[in-house]
>>> print(open('model_8.cif').read())   # mmCIF, C-alpha atoms and all ligand atoms
data_input
#
loop_
_atom_site.label_atom_id
_atom_site.label_comp_id
_atom_site.auth_asym_id
_atom_site.auth_seq_id
_atom_site.Cartn_x
_atom_site.Cartn_y
_atom_site.Cartn_z
CA MET A 252 43.78 50.66 -132.09
CA THR A 253 40.30 50.89 -133.63
CA PRO A 254 40.36 53.10 -136.71
CA PRO A 255 38.27 56.29 -136.41
CA LEU A 256 34.64 56.01 -137.44
CA ILE A 257 34.09 57.35 -140.94
CA VAL A 258 30.63 57.71 -142.46
CA ALA A 259 30.38 58.71 -146.13
CA ILE A 260 27.28 60.55 -147.31
CA ASP A 261 27.17 61.28 -151.03
CA GLY A 262 24.43 62.39 -153.38
CA PRO A 263 23.23 65.31 -155.51
CA SER A 264 22.53 68.77 -154.10
CA GLY A 265 19.27 69.30 -152.29
CA ALA A 266 18.94 65.63 -151.30
CA GLY A 267 19.03 66.55 -147.60
CA LYS A 268 22.65 65.53 -146.99
CA SER A 269 23.68 68.49 -144.84
CA THR A 270 20.86 68.30 -142.32
CA ALA A 271 21.18 64.54 -142.04
CA ALA A 272 24.99 64.52 -141.89
CA ARG A 273 25.14 67.21 -139.22
CA ALA A 274 22.56 65.43 -137.03
CA LEU A 275 24.17 62.02 -137.53
CA ALA A 276 27.60 63.38 -136.58
CA ALA A 277 26.16 64.82 -133.36
CA ARG A 278 24.52 61.50 -132.50
CA LEU A 279 27.71 59.54 -133.18
CA GLY A 280 29.97 62.06 -131.43
CA VAL A 281 32.29 62.67 -134.39
CA PRO A 282 32.97 65.86 -136.42
CA TYR A 283 30.71 66.84 -139.29
CA ILE A 284 32.84 67.53 -142.35
CA ASP A 285 31.10 69.46 -145.14
CA THR A 286 33.38 68.88 -148.12
CA GLY A 287 31.11 70.90 -150.43
CA ALA A 288 31.85 73.94 -148.27
CA MET A 289 35.55 73.45 -149.03
CA TYR A 290 34.92 73.46 -152.81
CA ARG A 291 32.67 76.49 -152.32
CA ALA A 292 35.41 78.36 -150.43
CA VAL A 293 37.90 77.66 -153.24
CA GLY A 294 35.23 78.73 -155.76
CA LEU A 295 34.77 81.99 -153.88
CA ALA A 296 38.52 82.58 -153.73
CA ALA A 297 38.75 81.98 -157.49
CA ARG A 298 35.94 84.49 -158.09
CA GLU A 299 37.60 87.06 -155.83
CA ARG A 300 40.91 86.66 -157.61
CA GLY A 301 39.23 87.58 -160.85
CA LEU A 302 38.66 84.20 -162.50
CA ARG A 303 35.56 84.17 -164.68
CA LEU A 304 33.20 81.38 -165.78
CA PRO A 305 33.55 79.17 -167.67
CA ILE A 306 37.02 78.34 -166.37
CA SER A 307 38.93 77.34 -169.49
CA ASP A 308 42.45 77.28 -168.03
CA PRO A 309 42.72 75.05 -164.93
CA GLU A 310 46.11 76.42 -163.80
CA PRO A 311 45.05 79.67 -162.08
CA ALA A 312 42.28 77.80 -160.22
CA ALA A 313 44.77 75.13 -159.16
CA ASP A 314 47.06 77.91 -157.87
CA VAL A 315 44.18 79.37 -155.88
CA ALA A 316 43.47 75.97 -154.28
CA GLN A 317 47.15 75.59 -153.37
CA SER A 318 47.51 79.01 -151.84
CA VAL A 319 44.37 79.34 -149.69
CA THR A 320 43.58 77.95 -146.25
CA VAL A 321 40.09 76.60 -145.73
CA GLU A 322 38.96 75.73 -142.22
CA LEU A 323 35.72 74.18 -140.98
CA ILE A 324 35.05 75.30 -137.42
CA ALA A 325 32.37 73.97 -135.08
CA THR A 326 31.16 76.75 -132.77
CA SER A 327 28.30 76.90 -130.28
CA GLY A 328 26.53 79.13 -132.81
CA GLY A 329 26.89 76.54 -135.61
CA ASP A 330 29.47 75.48 -138.17
CA ARG A 331 31.56 78.26 -139.71
CA VAL A 332 33.73 78.21 -142.81
CA LEU A 333 36.91 80.28 -142.83
CA LEU A 334 38.81 81.26 -145.96
CA ASP A 335 42.28 82.50 -145.03
CA GLY A 336 40.90 83.23 -141.56
CA ARG A 337 37.88 85.21 -142.84
CA ASP A 338 34.36 83.97 -142.07
CA VAL A 339 32.71 83.21 -145.44
CA THR A 340 29.93 80.93 -144.16
CA GLU A 341 27.11 82.97 -145.71
CA LEU A 342 28.96 84.21 -148.80
CA ILE A 343 29.72 80.70 -150.10
CA ARG A 344 25.97 79.91 -150.26
CA GLU A 345 25.29 82.56 -152.93
CA PRO A 346 23.94 80.98 -156.13
CA GLU A 347 26.83 82.43 -158.15
CA ILE A 348 29.34 80.74 -155.85
CA SER A 349 27.55 77.39 -156.35
CA LEU A 350 28.46 77.67 -160.03
CA TYR A 351 32.08 78.55 -159.21
CA ALA A 352 32.25 75.63 -156.76
CA SER A 353 31.01 73.24 -159.43
CA ALA A 354 33.54 74.65 -161.93
CA VAL A 355 36.59 74.39 -159.64
CA SER A 356 35.51 70.95 -158.43
CA ALA A 357 36.03 69.59 -161.95
CA ILE A 358 39.75 70.50 -161.87
CA PRO A 359 41.92 67.51 -160.84
CA ALA A 360 44.58 69.59 -159.02
CA VAL A 361 41.88 71.28 -156.94
CA ARG A 362 40.38 67.91 -156.05
CA ARG A 363 43.76 66.42 -155.11
CA ARG A 364 44.43 69.28 -152.71
CA LEU A 365 41.01 69.12 -151.05
CA VAL A 366 40.77 65.31 -150.96
CA SER A 367 44.07 65.06 -149.08
CA GLU A 368 42.87 67.70 -146.61
CA GLN A 369 39.59 65.78 -146.13
CA GLN A 370 41.52 62.54 -145.52
CA ARG A 371 43.73 64.27 -142.97
CA LEU A 372 40.68 65.63 -141.11
CA GLY A 373 38.88 62.27 -141.15
CA ARG A 374 41.91 60.31 -139.99
CA ALA A 375 42.51 62.68 -137.11
CA ARG A 376 39.15 62.35 -135.37
CA GLY A 377 36.80 60.36 -137.59
CA GLY A 378 33.78 62.09 -139.02
CA VAL A 379 30.59 62.13 -140.99
CA LEU A 380 31.77 63.42 -144.35
CA GLU A 381 29.28 64.81 -146.82
CA GLY A 382 30.05 65.28 -150.51
CA ARG A 383 30.02 63.61 -153.92
CA ASP A 384 33.04 61.29 -153.83
CA ILE A 385 33.48 60.41 -150.16
CA GLY A 386 32.72 56.71 -150.55
CA THR A 387 34.36 56.36 -153.95
CA ARG A 388 37.52 58.43 -153.55
CA VAL A 389 38.10 60.05 -150.16
CA PHE A 390 37.38 57.03 -147.92
CA PRO A 391 36.54 54.14 -150.28
CA GLU A 392 37.41 51.61 -147.55
CA THR A 393 34.74 52.73 -145.08
CA PRO A 394 31.92 50.20 -144.64
CA HIS A 395 29.46 53.03 -143.93
CA LYS A 396 28.37 54.55 -147.23
CA PHE A 397 25.08 56.26 -147.90
CA PHE A 398 23.76 57.78 -151.11
CA LEU A 399 20.96 60.25 -150.43
CA THR A 400 18.77 61.23 -153.32
CA ALA A 401 15.34 62.61 -154.32
CA PRO A 402 13.73 63.67 -157.62
CA PRO A 403 15.13 66.96 -159.06
CA GLU A 404 11.83 68.83 -158.58
CA VAL A 405 11.76 67.95 -154.88
CA ARG A 406 15.39 68.96 -154.41
CA ALA A 407 14.89 72.25 -156.30
CA SER A 408 11.85 73.18 -154.27
CA ARG A 409 13.76 72.48 -151.02
CA ARG A 410 16.63 74.65 -152.23
CA ALA A 411 14.23 77.45 -153.28
CA SER A 412 12.68 77.46 -149.77
CA GLU A 413 16.15 77.50 -148.21
CA LEU A 414 17.19 80.51 -150.32
CA ALA A 415 13.95 82.35 -149.45
CA LEU A 416 14.50 81.70 -145.74
CA ARG A 417 18.01 83.07 -146.06
CA GLY A 418 16.63 86.28 -147.54
CA THR A 419 18.02 85.61 -151.03
CA PRO A 420 14.97 84.28 -152.90
CA GLN A 421 15.35 82.96 -156.43
CA PRO A 422 12.50 81.87 -158.75
CA TYR A 423 11.87 78.11 -158.68
CA PRO A 424 12.39 77.59 -162.45
CA GLU A 425 15.85 79.19 -162.17
CA VAL A 426 16.74 77.07 -159.14
CA LEU A 427 15.61 73.92 -160.97
CA ALA A 428 17.56 74.82 -164.13
CA GLU A 429 20.77 75.56 -162.17
CA MET A 430 20.37 72.39 -160.16
CA GLU A 431 19.94 70.27 -163.29
CA LYS A 432 23.03 71.90 -164.80
CA ARG A 433 25.09 71.19 -161.67
CA ASP A 434 23.74 67.61 -161.49
CA SER A 435 24.82 67.01 -165.04
CA ASP A 436 28.24 68.72 -164.61
CA ASP A 437 28.95 66.90 -161.32
CA SER A 438 27.96 63.52 -162.78
CA SER A 439 29.71 63.86 -166.13
CA ARG A 440 33.11 65.31 -165.15
CA GLU A 441 36.06 63.03 -165.72
CA ASP A 442 37.64 63.28 -162.27
CA SER A 443 35.57 61.62 -159.50
CA PRO A 444 32.09 62.15 -160.94
CA LEU A 445 29.10 61.75 -158.64
CA THR A 446 28.51 58.03 -158.77
CA LEU A 447 27.98 55.06 -156.48
CA ASP A 448 29.04 51.45 -156.14
CA GLY A 449 27.16 48.44 -154.83
CA ARG A 450 28.34 49.02 -151.28
CA TYR A 451 26.26 52.15 -150.85
CA VAL A 452 22.93 52.13 -149.06
CA VAL A 453 20.66 54.31 -151.22
CA ILE A 454 18.10 56.38 -149.33
CA ASP A 455 15.36 58.25 -151.20
CA THR A 456 14.65 61.17 -148.89
CA GLN A 457 11.46 62.28 -150.67
CA ALA A 458 9.04 60.46 -148.39
CA LEU A 459 11.11 60.58 -145.19
CA THR A 460 11.45 63.21 -142.50
CA PRO A 461 15.00 64.40 -141.74
CA GLN A 462 14.76 62.52 -138.42
CA GLY A 463 13.72 59.38 -140.30
CA VAL A 464 16.77 59.63 -142.56
CA VAL A 465 19.12 60.06 -139.58
CA ALA A 466 17.52 57.19 -137.65
CA GLU A 467 17.91 54.86 -140.63
CA MET A 468 21.59 55.73 -141.05
CA GLU A 469 22.34 55.51 -137.34
CA ARG A 470 20.68 52.11 -137.11
CA ARG A 471 22.84 50.79 -139.94
CA VAL A 472 26.09 52.31 -138.66
CA LEU A 473 25.62 50.94 -135.15
CA ARG A 474 24.25 47.51 -136.00
CA PRO A 475 26.46 44.64 -134.84
CA GLY A 476 28.99 43.76 -137.48
CA GLY A 477 28.10 46.95 -139.40
O1 LIG A 501 27.30 70.04 -151.67
P1 LIG A 501 27.51 71.43 -152.24
O2 LIG A 501 26.38 71.91 -153.09
O3 LIG A 501 27.86 72.42 -151.19
O4 LIG A 501 28.79 71.30 -153.19
C1 LIG A 501 29.31 72.39 -153.92
C2 LIG A 501 29.94 71.88 -155.22
O5 LIG A 501 31.13 71.15 -154.93
C3 LIG A 501 29.04 70.96 -156.04
O6 LIG A 501 28.89 71.46 -157.36
C4 LIG A 501 29.75 69.65 -156.11
C5 LIG A 501 31.13 69.91 -155.61
N1 LIG A 501 31.59 68.88 -154.69
C6 LIG A 501 32.41 67.90 -155.19
O7 LIG A 501 32.69 67.87 -156.38
N2 LIG A 501 32.90 66.93 -154.36
C7 LIG A 501 32.59 66.93 -153.06
N3 LIG A 501 33.10 65.97 -152.27
C8 LIG A 501 31.72 67.92 -152.53
C9 LIG A 501 31.22 68.89 -153.39
#
>>> encode(input="model_8.cif", output="structure tokens", more="lines below")
Ligand code: DC
Amino acid sequence: MTPPLIVAIDGPSGAGKSTAARALAARLGVPYIDTGAMYRAVGLAARERGLRLPISDPEPAADVAQSVTVELIATSGGDRVLLDGRDVTELIREPEISLYASAVSAIPAVRRRLVSEQQRLGRARGGVLEGRDIGTRVFPETPHKFFLTAPPEVRASRRASELALRGTPQPYPEVLAEMEKRDSDDSSREDSPLTLDGRYVVIDTQALTPQGVVAEMERRVLRPGG
């Protein structure tokens, strides 16, 4: 039996991963799996259970990750994220929850729980998985690994426009500062930091349209022998 098709898309926030991953998954006919949304949902649950930043004791956050159910659901109206059955799709995008997501994602027990869930999902039906450690930790054996990136200023201005569109504007300097903090936290944590190996195809999305990014990835995934 042919193993399910797994495409890993890693890179820092604001690099255009979500748009590209969602479109690529639709073109390839496999599920889109937003692993960042899973860390965000656990971050939100931690916040709602009264944990405060910085998280100095990993145990309560690990307990939260063990006890919640996070589901990614594809609906005709778009992808939804459920936390214990409750739709938290919009809530997990709040800037404060980004900081909680980054904090809980540094805790090894939280990562173990979510990585095994991501592996289960990918093995069941294949998928385009978007995150920070998909090609290094979740599915290191996949031959299809992409690292999407762009300069911090470009990523911050994209994120600022996104937040404004969503009706939750935030000044650009704040967005840039928070993004640089998350970049540095995500890249310097001990467990599965954002990194890449020589088997990744690096795509700088600064000068490309979203369609251009998807076309480039699709071409490489489908090429004979690829
Ligand atoms: O991609 P995102 O901004 O939604 O991710 C939210 C946070 O979760 C981000 O700080 C990095 C972390 N994350 C992670 O550590 N590993 C993943 N596979 C996905 C996200």
>>> residues_near_point(input="model_8.cif", point="(32.7, 62.2, -133.4)", cutoff="8 Å", atoms="all atoms listed in the file", output="list in words")
Leu256, Ala276, Ala277, Leu279, Gly280, Val281, Pro282, Tyr283, Arg376, Gly377, Gly378 and Val379 of chain A
>>> write_last_selection(input="model_8.cif", atoms="C-alpha atoms", output="short mmCIF file (atom, residue, chain, number, x, y, z; two decimals), keeping the file's coordinate frame")
data_model
loop_
_atom_site.label_atom_id
_atom_site.label_comp_id
_atom_site.auth_asym_id
_atom_site.auth_seq_id
_atom_site.Cartn_x
_atom_site.Cartn_y
_atom_site.Cartn_z
CA LEU A 256 34.64 56.01 -137.44
CA ALA A 276 27.60 63.38 -136.58
CA ALA A 277 26.16 64.82 -133.36
CA LEU A 279 27.71 59.54 -133.18
CA GLY A 280 29.97 62.06 -131.43
CA VAL A 281 32.29 62.67 -134.39
CA PRO A 282 32.97 65.86 -136.42
CA TYR A 283 30.71 66.84 -139.29
CA ARG A 376 39.15 62.35 -135.37
CA GLY A 377 36.80 60.36 -137.59
CA GLY A 378 33.78 62.09 -139.02
CA VAL A 379 30.59 62.13 -140.99
#
>>> residues_near_ligand(input="model_8.cif", ligand="ligand LIG 501 (chain A)", cutoff="7 Å", atoms="all atoms listed in the file", output="ChimeraX atom specification")
/A:264,286-288,290-291,349-350,352-353,356-357,381-385,433,437
>>> residues_around(input="model_8.cif", residues="Glu429 in chain A", least_positions_apart="6", cutoff="12 Å", atoms="all atoms listed in the file", output="list of chain:residue names")
A:Ser264, A:Gly265, A:Pro346, A:Glu347, A:Ile348, A:Ser349, A:Leu350, A:Ser353, A:Pro403, A:Glu404, A:Arg406, A:Ala407, A:Arg410, A:Ala411, A:Gln421, A:Pro422, A:Tyr423, A:Ser435, A:Asp436, A:Asp437
>>> residues_around(input="model_8.cif", residues="Gly301 in chain A", least_positions_apart="5", cutoff="12 Å", atoms="all atoms listed in the file", output="MDAnalysis selection string")
chainID A and resid 294:296 306 311:312 315 351
>>> axis_aligned_box(input="model_8.cif", around="range 335-342 of chain A", padding_each_side="6 Å", output="JSON")
{"center_x": 34.7, "center_y": 83.1, "center_z": -145.2, "size_x": 27.2, "size_y": 16.3, "size_z": 19.2}
>>> closest_residue(input="model_8.cif", among="A:Arg450, A:Arg363, A:Arg474, A:Arg278", to="Pro391 in chain A", atoms="only C-alpha atoms")
A:Arg450
>>> atom_distance(input="model_8.cif", atom1="CA of Thr393 in chain A", atom2="CA of Leu380 in chain A")
11.1 Å
>>> residues_around(input="model_8.cif", residues="Phe390 in chain A", least_positions_apart="3", cutoff="8 Å", atoms="all atoms listed in the file", output="list in words")
Ile257, Ala259, Gln370, Ile385, Gly386, Thr387 and Thr393 of chain A
>>> atom_distance(input="model_8.cif", atom1="CA of Arg273 in chain A", atom2="CA of Asp285 in chain A")
8.7 Å
>>> residues_around(input="model_8.cif", residues="Gln317 in chain A", least_positions_apart="4", cutoff="12 Å", atoms="all atoms listed in the file", output="PDB file with C-alpha atoms, in the coordinates of the input")
ATOM      1  CA  VAL A 293      37.900  77.660-153.240  1.00  0.00           C
ATOM      2  CA  ALA A 296      38.520  82.580-153.730  1.00  0.00           C
ATOM      3  CA  ALA A 297      38.750  81.980-157.490  1.00  0.00           C
ATOM      4  CA  GLU A 310      46.110  76.420-163.800  1.00  0.00           C
ATOM      5  CA  PRO A 311      45.050  79.670-162.080  1.00  0.00           C
ATOM      6  CA  ALA A 312      42.280  77.800-160.220  1.00  0.00           C
ATOM      7  CA  ALA A 313      44.770  75.130-159.160  1.00  0.00           C
ATOM      8  CA  VAL A 321      40.090  76.600-145.730  1.00  0.00           C
ATOM      9  CA  ASP A 335      42.280  82.500-145.030  1.00  0.00           C
ATOM     10  CA  ALA A 360      44.580  69.590-159.020  1.00  0.00           C
ATOM     11  CA  VAL A 361      41.880  71.280-156.940  1.00  0.00           C
ATOM     12  CA  ARG A 362      40.380  67.910-156.050  1.00  0.00           C
ATOM     13  CA  ARG A 363      43.760  66.420-155.110  1.00  0.00           C
ATOM     14  CA  ARG A 364      44.430  69.280-152.710  1.00  0.00           C
ATOM     15  CA  LEU A 365      41.010  69.120-151.050  1.00  0.00           C
ATOM     16  CA  SER A 367      44.070  65.060-149.080  1.00  0.00           C
ATOM     17  CA  GLU A 368      42.870  67.700-146.610  1.00  0.00           C
TER      18      GLU A 368
END
>>> residues_around(input="model_8.cif", residues="Val332 in chain A", least_positions_apart="6", cutoff="9 Å", atoms="all atoms listed in the file", output="list in words")
Ala288, Met289, Ala292, Val321, Glu322, Leu323, Ile324, Ala325, Asp338, Val339, Thr340, Glu341 and Ile343 of chain A
>>> closest_residue(input="model_8.cif", among="A:Arg300, A:Leu416, A:Lys432, A:Val366", to="Ala354 in chain A", atoms="all atoms listed in the file")
A:Lys432
>>> atom_distance(input="model_8.cif", atom1="CA of Ser439 in chain A", atom2="CA of Pro305 in chain A")
15.9 Å
>>> closest_residue(input="model_8.cif", among="A:Val472, A:Val355, A:Glu345, A:Met430", to="Ser307 in chain A", atoms="all atoms listed in the file")
A:Val355
>>> closest_residue(input="model_8.cif", among="A:Arg471, A:Ile284, A:Ala274, A:Val405", to="Arg374 in chain A", atoms="all atoms listed in the file")
A:Ile284
>>> closest_residue(input="model_8.cif", among="A:Tyr451, A:Gln462, A:Thr270, A:Leu427", to="Glu392 in chain A", atoms="only C-alpha atoms")
A:Tyr451
>>> closest_residue(input="model_8.cif", among="A:Thr253, A:Ser269, A:Thr320, A:Thr400", to="Thr456 in chain A", atoms="all atoms listed in the file")
A:Thr400
>>> decode(input="model_8.cif", residues="range 263-275 of chain A", atoms="all heavy atoms", output="PDB file, in the first residue's frame")
ATOM      1  N   PRO A 263       8.675  30.585  10.107  1.00  0.00           N
ATOM      2  CA  PRO A 263       8.223  31.514  11.154  1.00  0.00           C
ATOM      3  C   PRO A 263       6.832  32.058  10.860  1.00  0.00           C
ATOM      4  O   PRO A 263       6.316  31.894   9.749  1.00  0.00           O
ATOM      5  CB  PRO A 263       9.260  32.648  11.089  1.00  0.00           C
ATOM      6  CG  PRO A 263       9.757  32.617   9.682  1.00  0.00           C
ATOM      7  CD  PRO A 263       9.710  31.181   9.246  1.00  0.00           C
ATOM      8  N   SER A 264       6.228  32.735  11.866  1.00  0.00           N
ATOM      9  CA  SER A 264       4.867  33.228  11.655  1.00  0.00           C
ATOM     10  C   SER A 264       4.869  34.390  10.660  1.00  0.00           C
ATOM     11  O   SER A 264       5.832  35.145  10.555  1.00  0.00           O
ATOM     12  CB  SER A 264       4.231  33.648  12.976  1.00  0.00           C
ATOM     13  OG  SER A 264       5.073  34.525  13.647  1.00  0.00           O
ATOM     14  N   GLY A 265       3.791  34.463   9.911  1.00  0.00           N
ATOM     15  CA  GLY A 265       3.651  35.541   8.934  1.00  0.00           C
ATOM     16  C   GLY A 265       4.365  35.274   7.619  1.00  0.00           C
ATOM     17  O   GLY A 265       4.399  36.137   6.739  1.00  0.00           O
ATOM     18  N   ALA A 266       4.903  34.066   7.450  1.00  0.00           N
ATOM     19  CA  ALA A 266       5.632  33.759   6.209  1.00  0.00           C
ATOM     20  C   ALA A 266       4.685  33.365   5.080  1.00  0.00           C
ATOM     21  O   ALA A 266       5.121  33.139   3.953  1.00  0.00           O
ATOM     22  CB  ALA A 266       6.661  32.655   6.460  1.00  0.00           C
ATOM     23  N   GLY A 267       3.392  33.258   5.392  1.00  0.00           N
ATOM     24  CA  GLY A 267       2.424  32.875   4.351  1.00  0.00           C
ATOM     25  C   GLY A 267       2.132  31.389   4.340  1.00  0.00           C
ATOM     26  O   GLY A 267       1.581  30.873   3.358  1.00  0.00           O
ATOM     27  N   LYS A 268       2.467  30.696   5.427  1.00  0.00           N
ATOM     28  CA  LYS A 268       2.280  29.232   5.462  1.00  0.00           C
ATOM     29  C   LYS A 268       0.812  28.829   5.366  1.00  0.00           C
ATOM     30  O   LYS A 268       0.476  27.914   4.617  1.00  0.00           O
ATOM     31  CB  LYS A 268       2.843  28.635   6.764  1.00  0.00           C
ATOM     32  CG  LYS A 268       4.333  28.808   6.961  1.00  0.00           C
ATOM     33  CD  LYS A 268       4.827  28.021   8.172  1.00  0.00           C
ATOM     34  CE  LYS A 268       4.172  28.354   9.487  1.00  0.00           C
ATOM     35  NZ  LYS A 268       4.443  29.712   9.988  1.00  0.00           N
ATOM     36  N   SER A 269      -0.054  29.509   6.132  1.00  0.00           N
ATOM     37  CA  SER A 269      -1.448  29.048   6.204  1.00  0.00           C
ATOM     38  C   SER A 269      -2.141  29.118   4.853  1.00  0.00           C
ATOM     39  O   SER A 269      -2.753  28.141   4.414  1.00  0.00           O
ATOM     40  CB  SER A 269      -2.254  29.891   7.186  1.00  0.00           C
ATOM     41  OG  SER A 269      -1.626  29.863   8.429  1.00  0.00           O
ATOM     42  N   THR A 270      -2.042  30.265   4.205  1.00  0.00           N
ATOM     43  CA  THR A 270      -2.695  30.428   2.897  1.00  0.00           C
ATOM     44  C   THR A 270      -2.172  29.386   1.927  1.00  0.00           C
ATOM     45  O   THR A 270      -2.938  28.723   1.217  1.00  0.00           O
ATOM     46  CB  THR A 270      -2.366  31.843   2.352  1.00  0.00           C
ATOM     47  OG1 THR A 270      -2.604  32.770   3.392  1.00  0.00           O
ATOM     48  CG2 THR A 270      -3.187  32.185   1.138  1.00  0.00           C
ATOM     49  N   ALA A 271      -0.848  29.237   1.896  1.00  0.00           N
ATOM     50  CA  ALA A 271      -0.241  28.311   0.938  1.00  0.00           C
ATOM     51  C   ALA A 271      -0.583  26.867   1.279  1.00  0.00           C
ATOM     52  O   ALA A 271      -0.915  26.066   0.398  1.00  0.00           O
ATOM     53  CB  ALA A 271       1.279  28.507   0.933  1.00  0.00           C
ATOM     54  N   ALA A 272      -0.553  26.526   2.562  1.00  0.00           N
ATOM     55  CA  ALA A 272      -0.808  25.135   2.964  1.00  0.00           C
ATOM     56  C   ALA A 272      -2.252  24.743   2.675  1.00  0.00           C
ATOM     57  O   ALA A 272      -2.523  23.649   2.181  1.00  0.00           O
ATOM     58  CB  ALA A 272      -0.495  24.957   4.452  1.00  0.00           C
ATOM     59  N   ARG A 273      -3.175  25.663   2.969  1.00  0.00           N
ATOM     60  CA  ARG A 273      -4.587  25.370   2.737  1.00  0.00           C
ATOM     61  C   ARG A 273      -4.844  25.150   1.247  1.00  0.00           C
ATOM     62  O   ARG A 273      -5.493  24.177   0.840  1.00  0.00           O
ATOM     63  CB  ARG A 273      -5.427  26.533   3.262  1.00  0.00           C
ATOM     64  CG  ARG A 273      -6.898  26.225   3.340  1.00  0.00           C
ATOM     65  CD  ARG A 273      -7.701  27.359   3.937  1.00  0.00           C
ATOM     66  NE  ARG A 273      -7.493  27.537   5.369  1.00  0.00           N
ATOM     67  CZ  ARG A 273      -6.943  28.590   5.930  1.00  0.00           C
ATOM     68  NH1 ARG A 273      -6.516  29.605   5.201  1.00  0.00           N
ATOM     69  NH2 ARG A 273      -6.821  28.663   7.238  1.00  0.00           N
ATOM     70  N   ALA A 274      -4.284  26.024   0.405  1.00  0.00           N
ATOM     71  CA  ALA A 274      -4.499  25.914  -1.047  1.00  0.00           C
ATOM     72  C   ALA A 274      -3.813  24.660  -1.602  1.00  0.00           C
ATOM     73  O   ALA A 274      -4.372  23.960  -2.454  1.00  0.00           O
ATOM     74  CB  ALA A 274      -3.959  27.162  -1.738  1.00  0.00           C
ATOM     75  N   LEU A 275      -2.629  24.359  -1.095  1.00  0.00           N
ATOM     76  CA  LEU A 275      -1.921  23.173  -1.595  1.00  0.00           C
ATOM     77  C   LEU A 275      -2.691  21.898  -1.233  1.00  0.00           C
ATOM     78  O   LEU A 275      -2.830  20.984  -2.047  1.00  0.00           O
ATOM     79  CB  LEU A 275      -0.499  23.124  -1.020  1.00  0.00           C
ATOM     80  CG  LEU A 275       0.356  21.952  -1.513  1.00  0.00           C
ATOM     81  CD1 LEU A 275       0.655  22.084  -3.012  1.00  0.00           C
ATOM     82  CD2 LEU A 275       1.677  21.857  -0.737  1.00  0.00           C
TER      83      LEU A 275
END
